[in-house]
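*Asks:* Sharing my_file.cif below, mmCIF, C-alpha atoms and all ligand atoms:
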data_my_file
#
loop_
_atom_site.label_atom_id
_atom_site.label_comp_id
_atom_site.auth_asym_id
_atom_site.auth_seq_id
_atom_site.Cartn_x
_atom_site.Cartn_y
_atom_site.Cartn_z
CA MET M 1 -36.49 9.11 -29.47
CA ASN M 2 -33.25 7.12 -28.90
CA ALA M 3 -32.56 5.86 -25.37
CA PRO M 4 -29.61 7.71 -23.79
CA GLU M 5 -26.30 5.88 -24.14
CA ARG M 6 -25.34 3.77 -21.10
CA PHE M 7 -21.87 2.68 -19.98
CA GLU M 8 -20.67 -0.34 -18.04
CA LEU M 9 -17.61 -1.83 -16.39
CA GLN M 10 -16.46 -5.42 -16.05
CA GLN M 11 -13.91 -6.90 -13.68
CA THR M 12 -12.68 -10.46 -13.26
CA ARG M 13 -10.70 -11.64 -10.24
CA PHE M 14 -9.44 -15.06 -9.25
CA ILE M 15 -9.92 -15.63 -5.54
CA ARG M 16 -8.30 -18.43 -3.55
CA ALA M 17 -11.45 -19.34 -1.62
CA PRO M 18 -14.48 -21.55 -2.31
CA ARG M 19 -17.44 -20.03 -4.12
CA GLU M 20 -19.72 -20.35 -1.10
CA LYS M 21 -17.36 -18.27 1.03
CA VAL M 22 -17.04 -15.57 -1.63
CA PHE M 23 -20.78 -15.52 -2.29
CA ASP M 24 -21.60 -15.26 1.41
CA ALA M 25 -19.25 -12.30 1.76
CA PHE M 26 -21.65 -10.46 -0.59
CA THR M 27 -24.84 -11.40 1.22
CA ASP M 28 -24.00 -11.52 4.94
CA GLU M 29 -24.46 -8.21 6.77
CA ALA M 30 -21.58 -8.70 9.18
CA LEU M 31 -19.19 -9.88 6.46
CA LEU M 32 -20.18 -7.00 4.16
CA ARG M 33 -19.11 -4.56 6.86
CA GLN M 34 -15.60 -5.99 6.74
CA TRP M 35 -14.90 -5.21 3.12
CA HIS M 36 -17.55 -3.55 0.98
CA CYS M 37 -15.98 -0.12 0.37
CA PRO M 38 -12.75 1.16 -1.19
CA ARG M 39 -9.54 1.12 0.83
CA GLY M 40 -9.25 4.05 3.21
CA MET M 41 -12.98 3.98 4.02
CA ASN M 42 -15.11 2.00 6.45
CA VAL M 43 -18.56 0.51 6.26
CA ALA M 44 -20.40 2.22 9.07
CA HIS M 45 -23.66 0.35 8.57
CA SER M 46 -24.85 -2.57 6.45
CA ARG M 47 -28.20 -4.21 6.02
CA CYS M 48 -29.22 -6.88 3.57
CA ASP M 49 -32.10 -9.20 2.95
CA ALA M 50 -30.58 -11.45 0.32
CA ARG M 51 -33.56 -12.89 -1.52
CA ALA M 52 -35.17 -11.81 -4.76
CA GLY M 53 -37.00 -8.57 -4.05
CA GLY M 54 -35.15 -8.03 -0.73
CA GLN M 55 -33.38 -4.74 -0.05
CA TRP M 56 -29.75 -3.95 0.75
CA GLN M 57 -28.12 -0.81 2.13
CA LEU M 58 -24.55 0.26 2.90
CA ASN M 59 -23.27 3.42 4.56
CA MET M 60 -19.62 4.17 3.92
CA LEU M 61 -17.48 6.54 5.94
CA ALA M 62 -14.35 8.21 4.52
CA ARG M 63 -11.37 9.29 6.65
CA ASP M 64 -12.34 12.93 6.25
CA GLY M 65 -15.80 12.23 7.66
CA THR M 66 -17.62 12.14 4.30
CA ARG M 67 -20.54 9.74 4.39
CA LEU M 68 -21.82 7.88 1.35
CA ALA M 69 -25.00 5.84 1.26
CA VAL M 70 -25.86 3.28 -1.39
CA GLY M 71 -28.53 0.63 -1.67
CA GLY M 72 -30.86 -1.27 -3.91
CA ALA M 73 -32.82 -4.47 -4.35
CA TYR M 74 -31.84 -8.04 -5.15
CA ARG M 75 -33.04 -9.30 -8.50
CA GLU M 76 -31.41 -12.76 -8.51
CA VAL M 77 -29.87 -14.67 -5.58
CA LYS M 78 -28.57 -18.06 -6.70
CA ARG M 79 -26.00 -19.26 -4.13
CA PRO M 80 -23.16 -19.88 -4.91
CA GLU M 81 -23.38 -19.07 -8.62
CA ARG M 82 -24.92 -15.73 -9.34
CA LEU M 83 -26.07 -12.57 -7.66
CA VAL M 84 -27.85 -9.64 -9.34
CA TYR M 85 -28.85 -6.46 -7.59
CA THR M 86 -29.67 -2.86 -8.34
CA TRP M 87 -27.38 -0.12 -7.10
CA ALA M 88 -28.32 3.51 -6.42
CA TRP M 89 -26.42 6.23 -4.57
CA GLN M 90 -28.50 8.16 -2.09
CA GLY M 91 -28.29 11.72 -0.90
CA GLU M 92 -28.91 14.91 -2.83
CA ASN M 93 -25.22 15.70 -3.15
CA SER M 94 -24.33 12.53 -5.01
CA PRO M 95 -23.81 13.16 -8.74
CA MET M 96 -25.39 9.74 -9.26
CA ALA M 97 -28.43 10.37 -7.05
CA GLY M 98 -31.59 8.95 -8.55
CA ILE M 99 -29.74 6.85 -11.14
CA GLU M 100 -30.29 3.12 -10.78
CA THR M 101 -27.49 0.89 -12.07
CA LEU M 102 -27.23 -2.90 -12.09
CA VAL M 103 -24.58 -5.19 -10.59
CA GLU M 104 -24.28 -8.77 -11.85
CA VAL M 105 -21.79 -11.08 -10.16
CA ASP M 106 -21.00 -14.59 -11.38
CA PHE M 107 -19.03 -16.97 -9.16
CA LEU M 108 -17.31 -19.71 -11.18
CA ALA M 109 -15.46 -22.65 -9.63
CA ARG M 110 -11.91 -22.65 -11.00
CA ASP M 111 -8.59 -24.24 -9.93
CA GLY M 112 -9.82 -24.91 -6.40
CA GLY M 113 -10.95 -21.31 -5.97
CA THR M 114 -13.41 -18.84 -7.45
CA GLU M 115 -13.36 -16.78 -10.57
CA LEU M 116 -15.44 -13.74 -9.81
CA ARG M 117 -16.90 -11.91 -12.80
CA LEU M 118 -18.49 -8.61 -12.03
CA ARG M 119 -20.46 -6.44 -14.43
CA HIS M 120 -21.81 -3.08 -13.32
CA SER M 121 -23.95 -1.43 -15.99
CA GLY M 122 -26.23 1.51 -16.62
CA PHE M 123 -23.84 4.42 -16.01
CA PRO M 124 -24.79 7.72 -17.64
CA SER M 125 -21.21 8.53 -18.70
CA ALA M 126 -17.80 6.94 -19.32
CA ALA M 127 -16.43 9.05 -16.45
CA ALA M 128 -19.00 7.60 -14.02
CA SER M 129 -18.20 4.10 -15.19
CA GLU M 130 -14.44 4.71 -14.79
CA ALA M 131 -14.90 6.19 -11.30
CA HIS M 132 -16.83 3.10 -10.25
CA ALA M 133 -14.19 0.84 -11.84
CA VAL M 134 -11.57 2.47 -9.58
CA GLY M 135 -13.84 1.94 -6.58
CA TRP M 136 -14.52 -1.70 -7.43
CA ARG M 137 -10.81 -2.48 -7.95
CA SER M 138 -10.09 -1.24 -4.46
CA THR M 139 -13.20 -2.84 -2.95
CA LEU M 140 -12.42 -6.21 -4.52
CA ASN M 141 -8.93 -6.01 -3.01
CA ARG M 142 -10.61 -5.79 0.36
CA LEU M 143 -12.81 -8.76 -0.51
CA LEU M 144 -9.70 -10.81 -1.31
CA ASP M 145 -8.05 -9.76 1.97
CA GLN M 146 -11.20 -10.92 3.72
CA VAL M 147 -11.81 -14.32 2.15
CA ASP M 148 -8.32 -15.49 1.14
CA GLU M 149 -6.47 -17.25 3.97
CA ARG M 150 -3.36 -15.23 3.16
CA GLY M 151 -5.15 -12.03 4.20
CA SER M 152 -3.58 -8.91 2.73
CA ALA M 153 -0.69 -11.00 1.35
CA ALA M 154 -3.22 -12.06 -1.31
CA THR M 155 -3.30 -8.52 -2.69
CA LEU M 156 -0.18 -6.69 -1.45
CA THR M 157 3.05 -7.57 -3.22
CA LEU M 158 6.22 -5.62 -2.63
CA LEU M 159 8.76 -5.83 -5.43
CA GLY M 160 12.28 -5.09 -4.29
CA ASP M 161 15.51 -6.38 -2.81
CA VAL M 162 15.87 -6.82 0.94
CA ARG M 163 19.33 -5.23 0.74
CA SER M 164 17.91 -1.98 -0.65
CA SER M 165 17.45 0.74 1.97
CA TYR M 166 14.28 2.04 0.30
CA THR M 167 12.85 -1.48 0.17
CA ARG M 168 13.60 -1.80 3.87
CA THR M 169 11.80 1.49 4.57
CA VAL M 170 8.63 0.10 3.01
CA ARG M 171 9.07 -3.30 4.69
CA MET M 172 9.39 -1.49 8.02
CA ALA M 173 6.18 0.43 7.28
CA LEU M 174 4.40 -2.85 6.45
CA ALA M 175 5.69 -4.35 9.68
CA GLU M 176 4.67 -1.31 11.73
CA LYS M 177 1.17 -1.53 10.27
CA GLY M 178 1.09 -5.29 10.93
CA LEU M 179 0.34 -6.02 7.28
CA ALA M 180 0.89 -9.40 5.68
CA TYR M 181 2.36 -9.06 2.20
CA THR M 182 4.16 -11.03 -0.46
CA LEU M 183 7.75 -10.10 -1.15
CA GLN M 184 8.78 -10.52 -4.79
CA PRO M 185 12.58 -10.33 -5.04
CA CYS M 186 13.37 -8.05 -7.90
CA ALA M 187 16.43 -6.12 -9.15
CA PRO M 188 16.42 -2.48 -10.26
CA HIS M 189 15.73 -2.08 -13.99
CA SER M 190 14.58 -5.71 -14.32
CA PRO M 191 11.60 -6.29 -16.65
CA GLU M 192 9.40 -7.03 -13.59
CA ILE M 193 10.12 -3.68 -11.98
CA LEU M 194 10.01 -1.73 -15.24
CA ALA M 195 6.48 -3.03 -15.76
CA LEU M 196 5.47 -1.07 -12.64
CA HIS M 197 8.07 1.67 -12.31
CA PRO M 198 8.88 3.84 -15.32
CA PHE M 199 12.30 4.74 -13.86
CA GLY M 200 13.26 1.19 -12.88
CA ARG M 201 14.05 1.82 -9.21
CA ILE M 202 13.07 -0.40 -6.32
CA PRO M 203 10.76 -0.86 -4.53
CA ALA M 204 7.30 -0.85 -6.14
CA LEU M 205 4.01 -2.04 -4.74
CA ARG M 206 1.19 -3.99 -6.30
CA ASP M 207 -2.17 -3.96 -4.54
CA GLY M 208 -4.31 -6.26 -6.66
CA GLU M 209 -4.48 -4.44 -9.98
CA THR M 210 -3.31 -1.11 -8.53
CA THR M 211 0.40 -0.28 -8.68
CA LEU M 212 2.53 2.39 -7.04
CA PHE M 213 6.17 3.44 -7.12
CA GLU M 214 8.25 5.84 -4.96
CA SER M 215 8.64 4.72 -1.37
CA SER M 216 6.99 7.79 0.15
CA ALA M 217 3.89 7.33 -2.01
CA ILE M 218 3.78 3.65 -1.07
CA VAL M 219 4.14 4.31 2.66
CA ARG M 220 1.50 7.03 2.52
CA TYR M 221 -0.88 4.63 0.75
CA LEU M 222 -0.28 1.89 3.32
CA ASP M 223 -0.72 4.35 6.13
CA GLU M 224 -3.96 5.85 4.88
CA CYS M 225 -5.56 2.68 3.57
CA PHE M 226 -4.80 0.25 6.35
CA GLY M 227 -5.44 0.36 10.04
CA PRO M 228 -4.84 -0.15 12.85
CA GLY M 229 -1.14 0.22 13.65
CA PRO M 230 0.69 3.47 14.29
CA GLN M 231 -0.08 6.44 12.07
CA LEU M 232 3.05 6.93 9.96
CA LEU M 233 2.03 10.41 8.81
CA PRO M 234 1.74 12.79 11.75
CA GLY M 235 -1.63 14.32 12.54
CA THR M 236 -0.80 18.04 12.68
CA PRO M 237 0.05 20.19 9.64
CA LEU M 238 3.48 21.22 10.94
CA ALA M 239 4.52 17.71 11.96
CA ARG M 240 3.29 16.35 8.62
CA SER M 241 5.34 18.98 6.79
CA LEU M 242 8.42 18.21 8.87
CA CYS M 243 7.97 14.56 8.05
CA GLU M 244 7.75 15.37 4.36
CA GLN M 245 10.72 17.70 4.65
CA TRP M 246 12.97 14.88 5.90
CA VAL M 247 11.65 12.35 3.41
CA SER M 248 12.47 14.85 0.65
CA ALA M 249 15.90 15.46 2.16
CA VAL M 250 16.61 11.72 2.07
CA ASN M 251 15.50 11.52 -1.55
CA ALA M 252 17.33 14.66 -2.66
CA TYR M 253 20.55 14.65 -0.61
CA LEU M 254 21.13 12.03 2.08
CA TYR M 255 20.66 8.85 0.03
CA ASP M 256 22.93 10.15 -2.69
CA THR M 257 25.77 11.04 -0.30
CA MET M 258 25.49 8.23 2.22
CA VAL M 259 24.38 5.30 0.09
CA ARG M 260 25.22 5.96 -3.55
CA ARG M 261 28.56 7.72 -3.04
CA TYR M 262 29.61 5.95 0.16
CA VAL M 263 28.02 2.63 1.18
CA LEU M 264 27.63 1.29 -2.37
CA GLN M 265 31.25 2.13 -3.16
CA TYR M 266 32.27 -0.36 -0.46
CA LEU M 267 29.58 -2.97 -1.09
CA PHE M 268 29.85 -3.00 -4.89
CA PRO M 269 33.36 -1.63 -5.62
CA ARG M 270 33.74 -0.20 -9.09
CA GLY M 271 37.18 1.39 -8.76
CA ALA M 272 40.43 0.26 -10.38
CA GLY M 273 41.18 -3.43 -9.83
CA GLY M 274 37.72 -4.02 -8.41
CA GLN M 275 38.54 -1.87 -5.37
CA PRO M 276 36.33 0.83 -3.81
CA ASP M 277 36.78 4.15 -5.62
CA ARG M 278 38.64 6.14 -2.96
CA ALA M 279 38.03 9.51 -4.59
CA VAL M 280 34.26 9.00 -4.57
CA ILE M 281 34.31 7.79 -0.97
CA ASP M 282 36.47 10.70 0.16
CA GLY M 283 34.11 13.12 -1.58
CA ALA M 284 31.14 11.64 0.29
CA LEU M 285 33.07 11.64 3.57
CA LYS M 286 33.58 15.37 3.16
CA ASP M 287 29.82 15.97 2.88
CA MET M 288 28.59 13.49 5.46
CA PRO M 289 29.44 15.27 8.75
CA ALA M 290 27.27 18.28 7.87
CA GLN M 291 24.37 16.06 6.79
CA LEU M 292 24.63 13.92 9.91
CA ALA M 293 24.84 17.06 12.06
CA ALA M 294 21.64 18.38 10.46
CA LEU M 295 19.89 15.14 11.38
CA ASP M 296 21.40 15.29 14.86
CA ARG M 297 19.96 18.78 15.41
CA ALA M 298 16.59 17.71 14.05
CA TYR M 299 16.35 14.78 16.46
CA GLY M 300 17.61 16.92 19.36
CA GLY M 301 16.25 15.52 22.62
CA SER M 302 13.56 13.45 20.86
CA ASP M 303 13.86 9.98 19.40
CA TRP M 304 11.64 11.02 16.48
CA LEU M 305 12.06 13.42 13.59
CA ALA M 306 8.51 14.74 13.39
CA GLY M 307 5.57 15.08 15.75
CA GLY M 308 7.04 13.36 18.81
CA ALA M 309 6.31 9.85 17.58
CA LEU M 310 7.54 7.41 14.97
CA SER M 311 6.79 8.64 11.47
CA MET M 312 7.64 7.80 7.90
CA ALA M 313 10.64 10.16 8.16
CA ASP M 314 12.32 7.90 10.75
CA LEU M 315 11.69 4.90 8.50
CA PHE M 316 13.52 6.61 5.63
CA VAL M 317 16.56 7.54 7.72
CA ALA M 318 17.12 4.35 9.75
CA PRO M 319 18.04 1.87 6.98
CA ILE M 320 20.60 4.31 5.58
CA LEU M 321 22.26 4.92 8.93
CA ALA M 322 22.31 1.18 9.63
CA TYR M 323 24.50 0.78 6.55
CA VAL M 324 26.69 3.78 7.41
CA ALA M 325 27.33 2.30 10.87
CA ARG M 326 28.76 -0.86 9.28
CA MET M 327 31.27 0.95 7.03
CA PRO M 328 34.93 1.51 8.03
CA GLU M 329 34.47 5.20 8.93
CA GLY M 330 30.93 4.68 10.31
CA ALA M 331 31.68 4.46 14.01
CA ALA M 332 33.73 7.67 14.01
CA LEU M 333 31.14 9.54 11.96
CA LEU M 334 28.30 8.53 14.23
CA ALA M 335 30.24 9.17 17.45
CA ALA M 336 30.05 12.88 16.58
CA VAL M 337 26.22 12.86 16.52
CA PRO M 338 24.98 11.63 19.93
CA ASN M 339 21.31 12.62 19.47
CA LEU M 340 21.18 10.70 16.24
CA GLN M 341 22.87 7.69 17.81
CA ARG M 342 20.44 7.66 20.73
CA ALA M 343 17.42 7.97 18.44
CA GLN M 344 18.73 5.20 16.18
CA ALA M 345 19.27 2.92 19.18
CA THR M 346 15.59 3.39 20.06
CA LEU M 347 14.46 2.67 16.53
CA ARG M 348 16.71 -0.37 16.21
CA SER M 349 14.98 -1.98 19.16
CA ARG M 350 11.68 -2.04 17.26
CA GLU M 351 10.54 -5.31 15.74
CA SER M 352 10.01 -3.61 12.40
CA PHE M 353 13.76 -2.94 12.31
CA THR M 354 15.06 -6.28 13.58
CA ARG M 355 12.72 -8.30 11.37
CA THR M 356 13.77 -6.46 8.22
CA ASP M 357 17.50 -6.87 8.72
CA PRO M 358 18.78 -7.82 5.24
CA ALA M 359 20.79 -10.64 6.86
CA GLN M 360 17.61 -12.22 8.28
CA PRO M 361 15.78 -14.85 6.27
CA THR M 362 12.85 -13.14 4.55
CA GLU M 363 9.54 -13.71 6.20
CA GLY M 364 7.52 -14.38 3.04
CA ALA M 365 3.91 -13.45 3.47
CA LYS M 366 4.06 -12.45 7.14
CA PRO M 367 4.16 -8.80 8.19
N1 LIG W 401 13.01 7.88 -4.69
C1 LIG W 401 12.97 6.46 -4.87
C2 LIG W 401 14.39 5.91 -4.80
C3 LIG W 401 14.47 4.42 -5.01
C4 LIG W 401 15.91 3.99 -5.23
O1 LIG W 401 16.78 4.78 -5.62
N2 LIG W 401 16.17 2.71 -5.00
C5 LIG W 401 17.49 2.18 -5.23
C6 LIG W 401 17.75 0.95 -4.37
S1 LIG W 401 17.82 1.40 -2.65
C7 LIG W 401 17.58 1.76 -6.69
O2 LIG W 401 16.64 1.26 -7.26
N3 LIG W 401 18.74 1.96 -7.33
C8 LIG W 401 18.97 1.61 -8.69
C9 LIG W 401 19.45 2.76 -9.52
O3 LIG W 401 19.79 3.82 -8.98
O4 LIG W 401 19.49 2.63 -10.74
C10 LIG W 401 12.04 5.84 -3.80
O5 LIG W 401 11.74 6.57 -2.84
O6 LIG W 401 11.57 4.72 -3.94
#
Please lay out the structure from this file as structure tokens.
Ligand SMILES: N[C@@H](CCC(=O)N[C@@H](CS)C(=O)NCC(=O)O)C(=O)O
*Replies:*
Amino acid sequence: MNAPERFELQQTRFIRAPREKVFDAFTDEALLRQWHCPRGMNVAHSRCDARAGGQWQLNMLARDGTRLAVGGAYREVKRPERLVYTWAWQGENSPMAGIETLVEVDFLARDGGTELRLRHSGFPSAAASEAHAVGWRSTLNRLLDQVDERGSAATLTLLGDVRSSYTRTVRMALAEKGLAYTLQPCAPHSPEILALHPFGRIPALRDGETTLFESSAIVRYLDECFGPGPQLLPGTPLARSLCEQWVSAVNAYLYDTMVRRYVLQYLFPRGAGGQPDRAVIDGALKDMPAQLAALDRAYGGSDWLAGGALSMADLFVAPILAYVARMPEGAALLAAVPNLQRAQATLRSRESFTRTDPAQPTEGAKP
């Protein structure tokens, strides 16, 4: 009888850290706890006896309380070059329960750092192999954050332009979460952005080999994958829906009126003789009071749009209003919406706002 077909995955990552440091991150119990699970989860317990025949065990905890347990035995421990161990999910509910797979990791010295080559083999199906590939991509991002001196700036790259209000929203979220990142200046529809964003808008995020576009998706990812820092998506269903409601309103109505048809007409005039197109501006000015009044009512006596605390919704609104305030009609428009003005004054005192001012020098890899 033929042996059943087996599937495998392979991943290679260059890590800016010496081989010993990367190797030890795989074999030290305390270090393993810092990184060995996909983003958005935690290692609740780790145990390892890193010598041939020794056992290892990890318990992972998801945000929703789901617990996953995995373990196995070391087959080869050759510091700092090679590590081989078996891998088996535990627990009756795991679709992989009782199936032993094999992890082989080679650590090669390259360009002052480490080339990590990982092979995980013995999966019963292509789907199982692909699911584990997704998990490893995310887990290896955490390894890089852990061993590279740049921290999360080793994996998180934001592509955008500091003048873009949506880019600022995401930069504010990164700052609120205290996350180091690399900023890659990038124009809309440039080849760099089109490689990540099918519609060519900015910003986009790269997390290692994972990419995301749409600011709300990016902020949600940052919020759910990285702690501590404030929770940018409110905890209750209603507050979360209100947050989403205002993010959608920015995407569907407010950005178009206040930025595209108003602010950009002044900043990048396209009218006759290189002047702002007055008709477009006047059209936007007609629509803006009602939109600002809607925001004013939503803020009411609170400084926050949803859930009584800062949320992603506030981060979408603030960069737009900061531009409106600087335009010729801005002061008069905002004078009519006192709740909004008060709430914006509160938000503008936050470091995440001041440090992402487009006029400020960019802070490179710092949060
Ligand atoms: N819904 C998108 C909107 C992004 C967006 O429109 N960004 C502007 C810069 S603030 C842009 O790329 N504009 C170029 C264009 O409209 O072609 C998001 O949330 O990221």
*Asks:* Step by step, measure atom-to-atom distances between ligand LIG 401 (chain W) and each residue using all atoms listed in the file, keep those at most 6 Å, then write them as a PyMOL selection string.
*Replies:* chain M and resi 164-166+188+201-203+214-216+251
*Asks:* So which residues are close to (-29.4, -0.2, -7.7), meaning at most 8 Å away in the file's coordinates with all atoms listed in the file counted, and can you show them as a PyMOL selection string?
*Replies:* chain M and resi 71-73+85-89+99-103
*Asks:* Which of these, M:Leu118, M:Leu305, M:Val317, M:Ala293, has the shortest distance to Leu333 in chain M once you count all atoms listed in the file?
*Replies:* M:Ala293
*Asks:* Give the answer as one residue: which of M:Val259, M:Ala332, M:Ala62, M:Val105 has the shortest atom-to-atom distance to Val77 in chain M, using only C-alpha atoms?
*Replies:* M:Val105
*Asks:* CA of Arg63 in chain M to CA of Val219 in chain M: how many Å, to one decimal?
*Replies:*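 Computed distance, CA of Arg63 in chain M to CA of Val219 in chain M, equals 16.8 Å.
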*Asks:* Which residue gives the smallest distance to Tyr323 in chain M among M:Ser129, M:Met258, M:Glu224, M:Thr211, with all atoms listed in the file counted?
*Replies:*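 Among the listed residues, M:Met258 lies closest to Tyr323 in chain M.
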*Asks:* Do you know which residues are at most 12 Å from range 32-34 of chain M counting all atoms listed in the file, after dropping those on the same chain fewer than 2 positions away, and could you put them as JSON, numbers by chain?
*Replies:* {"M": [22, 23, 24, 25, 26, 27, 28, 29, 30, 36, 37, 38, 39, 41, 42, 43, 44, 45, 46, 47, 48, 50, 56, 57, 58, 59, 60, 61, 139, 140, 141, 142, 143, 144, 145, 146, 147]}
*Asks:* Using only C-alpha atoms for the distances, tell me which of M:Gly208, M:Tyr181, M:Gly53, M:Leu159 is nearest to Thr12 in chain M.
*Replies:*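 When distances to Thr12 in chain M are compared using only C-alpha atoms, the smallest one comes from M:Gly208.
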*Asks:* Might you pull out every residue within 12 Å of Leu267 in chain M, with only C-alpha atoms counted and same-chain residues fewer than 4 positions away left off, and present them as a PDB file with C-alpha atoms, in the coordinates of the input?
*Replies:*
ATOM      1  CA  ARG M 163      19.330  -5.230   0.740  1.00  0.00           C
ATOM      2  CA  SER M 164      17.910  -1.980  -0.650  1.00  0.00           C
ATOM      3  CA  VAL M 259      24.380   5.300   0.090  1.00  0.00           C
ATOM      4  CA  ARG M 260      25.220   5.960  -3.550  1.00  0.00           C
ATOM      5  CA  ARG M 261      28.560   7.720  -3.040  1.00  0.00           C
ATOM      6  CA  TYR M 262      29.610   5.950   0.160  1.00  0.00           C
ATOM      7  CA  VAL M 263      28.020   2.630   1.180  1.00  0.00           C
ATOM      8  CA  GLY M 271      37.180   1.390  -8.760  1.00  0.00           C
ATOM      9  CA  GLY M 274      37.720  -4.020  -8.410  1.00  0.00           C
ATOM     10  CA  GLN M 275      38.540  -1.870  -5.370  1.00  0.00           C
ATOM     11  CA  PRO M 276      36.330   0.830  -3.810  1.00  0.00           C
ATOM     12  CA  ASP M 277      36.780   4.150  -5.620  1.00  0.00           C
ATOM     13  CA  ILE M 281      34.310   7.790  -0.970  1.00  0.00           C
ATOM     14  CA  TYR M 323      24.500   0.780   6.550  1.00  0.00           C
ATOM     15  CA  VAL M 324      26.690   3.780   7.410  1.00  0.00           C
ATOM     16  CA  ARG M 326      28.760  -0.860   9.280  1.00  0.00           C
ATOM     17  CA  MET M 327      31.270   0.950   7.030  1.00  0.00           C
ATOM     18  CA  PRO M 328      34.930   1.510   8.030  1.00  0.00           C
TER      19      PRO M 328
END
*Asks:* Using all atoms listed in the file, determine which residues lie at most 12 Å from Leu158 in chain M, disregarding the query and same-chain residues fewer than 2 positions distant; provide the list as a PDB file with C-alpha atoms, in the coordinates of the input.
*Replies:*
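Listing of around_13.pdb after writing:
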ATOM      1  CA  SER M 152      -3.580  -8.910   2.730  1.00  0.00           C
ATOM      2  CA  ALA M 153      -0.690 -11.000   1.350  1.00  0.00           C
ATOM      3  CA  ALA M 154      -3.220 -12.060  -1.310  1.00  0.00           C
ATOM      4  CA  THR M 155      -3.300  -8.520  -2.690  1.00  0.00           C
ATOM      5  CA  LEU M 156      -0.180  -6.690  -1.450  1.00  0.00           C
ATOM      6  CA  GLY M 160      12.280  -5.090  -4.290  1.00  0.00           C
ATOM      7  CA  ASP M 161      15.510  -6.380  -2.810  1.00  0.00           C
ATOM      8  CA  VAL M 162      15.870  -6.820   0.940  1.00  0.00           C
ATOM      9  CA  TYR M 166      14.280   2.040   0.300  1.00  0.00           C
ATOM     10  CA  THR M 167      12.850  -1.480   0.170  1.00  0.00           C
ATOM     11  CA  ARG M 168      13.600  -1.800   3.870  1.00  0.00           C
ATOM     12  CA  THR M 169      11.800   1.490   4.570  1.00  0.00           C
ATOM     13  CA  VAL M 170       8.630   0.100   3.010  1.00  0.00           C
ATOM     14  CA  ARG M 171       9.070  -3.300   4.690  1.00  0.00           C
ATOM     15  CA  MET M 172       9.390  -1.490   8.020  1.00  0.00           C
ATOM     16  CA  ALA M 173       6.180   0.430   7.280  1.00  0.00           C
ATOM     17  CA  LEU M 174       4.400  -2.850   6.450  1.00  0.00           C
ATOM     18  CA  LEU M 179       0.340  -6.020   7.280  1.00  0.00           C
ATOM     19  CA  ALA M 180       0.890  -9.400   5.680  1.00  0.00           C
ATOM     20  CA  TYR M 181       2.360  -9.060   2.200  1.00  0.00           C
ATOM     21  CA  THR M 182       4.160 -11.030  -0.460  1.00  0.00           C
ATOM     22  CA  LEU M 183       7.750 -10.100  -1.150  1.00  0.00           C
ATOM     23  CA  GLN M 184       8.780 -10.520  -4.790  1.00  0.00           C
ATOM     24  CA  PRO M 185      12.580 -10.330  -5.040  1.00  0.00           C
ATOM     25  CA  CYS M 186      13.370  -8.050  -7.900  1.00  0.00           C
ATOM     26  CA  GLU M 192       9.400  -7.030 -13.590  1.00  0.00           C
ATOM     27  CA  ILE M 193      10.120  -3.680 -11.980  1.00  0.00           C
ATOM     28  CA  LEU M 196       5.470  -1.070 -12.640  1.00  0.00           C
ATOM     29  CA  ILE M 202      13.070  -0.400  -6.320  1.00  0.00           C
ATOM     30  CA  PRO M 203      10.760  -0.860  -4.530  1.00  0.00           C
ATOM     31  CA  ALA M 204       7.300  -0.850  -6.140  1.00  0.00           C
ATOM     32  CA  LEU M 205       4.010  -2.040  -4.740  1.00  0.00           C
ATOM     33  CA  ARG M 206       1.190  -3.990  -6.300  1.00  0.00           C
ATOM     34  CA  ASP M 207      -2.170  -3.960  -4.540  1.00  0.00           C
ATOM     35  CA  GLY M 208      -4.310  -6.260  -6.660  1.00  0.00           C
ATOM     36  CA  THR M 211       0.400  -0.280  -8.680  1.00  0.00           C
ATOM     37  CA  LEU M 212       2.530   2.390  -7.040  1.00  0.00           C
ATOM     38  CA  PHE M 213       6.170   3.440  -7.120  1.00  0.00           C
ATOM     39  CA  GLU M 214       8.250   5.840  -4.960  1.00  0.00           C
ATOM     40  CA  SER M 215       8.640   4.720  -1.370  1.00  0.00           C
ATOM     41  CA  ILE M 218       3.780   3.650  -1.070  1.00  0.00           C
ATOM     42  CA  VAL M 219       4.140   4.310   2.660  1.00  0.00           C
ATOM     43  CA  LEU M 222      -0.280   1.890   3.320  1.00  0.00           C
ATOM     44  CA  GLY M 364       7.520 -14.380   3.040  1.00  0.00           C
ATOM     45  CA  ALA M 365       3.910 -13.450   3.470  1.00  0.00           C
ATOM     46  CA  PRO M 367       4.160  -8.800   8.190  1.00  0.00           C
TER      47      PRO M 367
END
*Asks:* Separation of CA of Pro234 in chain M and CA of Ala336 in chain M, in Å?
*Replies:*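 A separation of 28.7 Å between them.
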*Asks:* Calculate how many Å separate CA of Met288 in chain M from CA of Ala331 in chain M, rounding to one decimal.
*Replies:* 12.8 Å
*Asks:* Counting all atoms listed in the file, which residue out of M:Ile15, M:Ala290, M:Leu340, M:Leu264 sits closest to Trp304 in chain M?
*Replies:*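 Between M:Ile15, M:Ala290, M:Leu340, M:Leu264, the residue approaching Trp304 in chain M most closely is M:Leu340.
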*Asks:* Do a neighbour search on His189 in chain M at 10 Å with only C-alpha atoms, toss out local chain neighbours closer than 6 positions, and write the hits as a list in words.
*Replies:*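 My reading of the contact set: Ala195, His197, Pro198, Phe199, Gly200, Arg201 and Ile202 of chain M.
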*Asks:* Nearest residue to Pro124 in chain M out of M:Asp64, M:Gly91, M:Phe107, M:Pro4, using all atoms listed in the file?
*Replies:*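 So, comparing all the options, the nearest one is M:Pro4.
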